[in-house]
Number of protein chains: 2
Amino acid sequence: MNKLKASQLSQDVFGEYGQVIQKGGAKSFPINAGNCTRYHDLVTIDVTGEECRPIVSIVSGKPYDLPVEVPMVERHPFGSQAFIPTGNNRFLVVVCRDVDGVPVEPKAFITSPGQGVNIARNVWHGILTPLDGQSDFVVVDWAGKGVNLEEHFFETPYQVS
Amino acid sequence: MNKLKASQLSQDVFGEYGQVIQKGGAKSFPINAGNCTRYHDLVTIDVTGEECRPIVSIVSGKPYDLPVEVPMVERHPFGSQAFIPTGNNRFLVVVCRDVDGVPVEPKAFITSPGQGVNIARNVWHGILTPLDGQSDFVVVDWAGKGVNLEEHFFETPYQVS
């Protein structure tokens, strides 16, 4: 089993894979006579293909214990995919660079409580992996025509800790 | 001051104004080999106008105490607006029917913990009104060209309890 060590998620380290969704560091301004602060336009929604549209769903996932075995990654050729937790449980994010259709150089990140991520269209990533308990996420992704899923199983799975 | 009594939010009572966003009653199916449940496509995102696109933001609001004075409502001619809480604090939702550009028949609803709402495009509504404490919301609404805000101040404000 290949070993992979997760590091703390931040926009600096996640840059090429998408956006970290958080209030800290975001462009913000007051609304409603100063009673609210709006952290504005945090996600690059990128949906493409026939009859495509962005959709909003809730995904509720069982937790995993570290170390986590990661046998595969997947990607979505037609759309970005944002995961925003509705609680403070952390989750694990695994992403890879692509070289000629093959995922390489996997990296693993653990979110801070409240952080979300938007995984850019066609970026290889692991499945949703909550860490601290049953976790709900607001998900903004794609609906449309066609098969929006490609999977890659590693010859040797990764063990992420 | 006009008096208005809030009732509990549900899709049955909110029907014409938009969607209640919740797991209960939603179309759902398992994903990720049964480790997650996806409550699918809960929001009618409706954005229109020049250079328009849906955006995702976080809005953090100060709480109000009931009874709340509601002097005005607003509407957004170019886009729907979804509010999904990232915690269990409830919030107050005030909506009105429109008759010839004038908001009439205000109704007030209080969410159950975890419930969100999507306010349909051009539906008159009160400003974001968290009830139980400082509250963060995932907001899915509109960006584009033009003025996407119309306000109406009531001759006599409403007191909502």
# chains A, B, ... in the order shown; residues from 1 in each chain; ligands from 1
$ closest_atom_pairs --of "chain A" --to "chain B" --cutoff "10 Å" --atoms "only C-alpha atoms" --output "tab-separated table"
residue	atom	partner	partner_atom	distance
A:Ile21	CA	B:Ile58	CA	8.7
A:Gln22	CA	B:Ile58	CA	7.9
A:Lys23	CA	B:Ile58	CA	7.1
A:Ala26	CA	B:Ile58	CA	9.6
A:Lys27	CA	B:Ser57	CA	9.9
A:Ser28	CA	B:Val59	CA	9.2
A:Phe29	CA	B:Val59	CA	9.7
A:Pro30	CA	B:Val59	CA	9.4
A:Ile31	CA	B:Val59	CA	9.0
A:Asn32	CA	B:Ile127	CA	6.8
A:Gly34	CA	B:Gly61	CA	9.0
A:Asn35	CA	B:Lys62	CA	5.5
A:Cys36	CA	B:Gly61	CA	4.1
A:Thr37	CA	B:Ser60	CA	5.3
A:Arg38	CA	B:Val59	CA	4.4
A:Tyr39	CA	B:Ile58	CA	5.1
A:His40	CA	B:Ser57	CA	4.8
A:Asp41	CA	B:Ser57	CA	4.9
A:Leu42	CA	B:Ser57	CA	5.5
A:Val43	CA	B:Val56	CA	5.8
A:Thr44	CA	B:Ile55	CA	7.8
A:Ile45	CA	B:Ile55	CA	7.3
A:Arg53	CA	B:Ile45	CA	8.7
A:Pro54	CA	B:Ile45	CA	7.7
A:Ile55	CA	B:Asp41	CA	5.4
A:Val56	CA	B:Asp41	CA	5.3
A:Ser57	CA	B:His40	CA	4.8
A:Ile58	CA	B:Tyr39	CA	5.1
A:Val59	CA	B:Arg38	CA	4.4
A:Ser60	CA	B:Thr37	CA	5.3
A:Gly61	CA	B:Cys36	CA	4.1
A:Lys62	CA	B:Asn35	CA	5.5
A:Pro63	CA	B:Asn35	CA	8.4
A:Tyr64	CA	B:Asn35	CA	9.5
A:Ala82	CA	B:Val56	CA	9.4
A:Ile84	CA	B:Val138	CA	8.0
A:Pro85	CA	B:Thr86	CA	7.0
A:Thr86	CA	B:Thr86	CA	3.9
A:Gly87	CA	B:Thr86	CA	6.0
A:Asn88	CA	B:Gly87	CA	8.7
A:Gly114	CA	B:Thr86	CA	8.4
A:Ile127	CA	B:Asn32	CA	6.8
A:Leu128	CA	B:Asn32	CA	7.8
A:Thr129	CA	B:Asn35	CA	9.2
A:Pro130	CA	B:Cys36	CA	9.9
A:Gln134	CA	B:Cys36	CA	9.4
A:Ser135	CA	B:Cys36	CA	9.3
A:Asp136	CA	B:Cys36	CA	9.4
A:Phe137	CA	B:Thr86	CA	8.9
A:Val138	CA	B:Val138	CA	7.9
A:Val139	CA	B:Arg38	CA	9.2
A:Val140	CA	B:Val56	CA	8.6
A:Asp141	CA	B:Asp41	CA	9.4
A:Trp142	CA	B:Asp41	CA	9.5
A:Ala143	CA	B:Asp41	CA	8.6
$ residues_around --residues "His125 (chain A)" --least-positions-apart "5" --cutoff "10 Å" --atoms "only C-alpha atoms" --output "ChimeraX atom specification"
/A:17,72-76,93-97,103,106-108,119-120,151-152
$ residues_around --residues "Leu4 (chain B)" --least-positions-apart "4" --cutoff "7 Å" --atoms "only C-alpha atoms" --output "VMD selection string"
chain B and resid 158 to 161
$ select_by_dssp --residues "region 16-158 of chain A" --states "strand (DSSP E or B)" --output "number ranges by chain"
A: 18-21, 28-31, 36-39, 47, 53-61, 68-75, 79, 81-85, 91-99, 102-110, 116-119, 124-125, 129-130, 135-143, 150-158
$ select_by_dssp --residues "chain A" --states "helix (DSSP H, G or I)" --output "list in words"
Gln11, Asp12, Val13, Phe14, Gly15, Glu16, Tyr17, Asn32, Ala33 and Gly34 of chain A
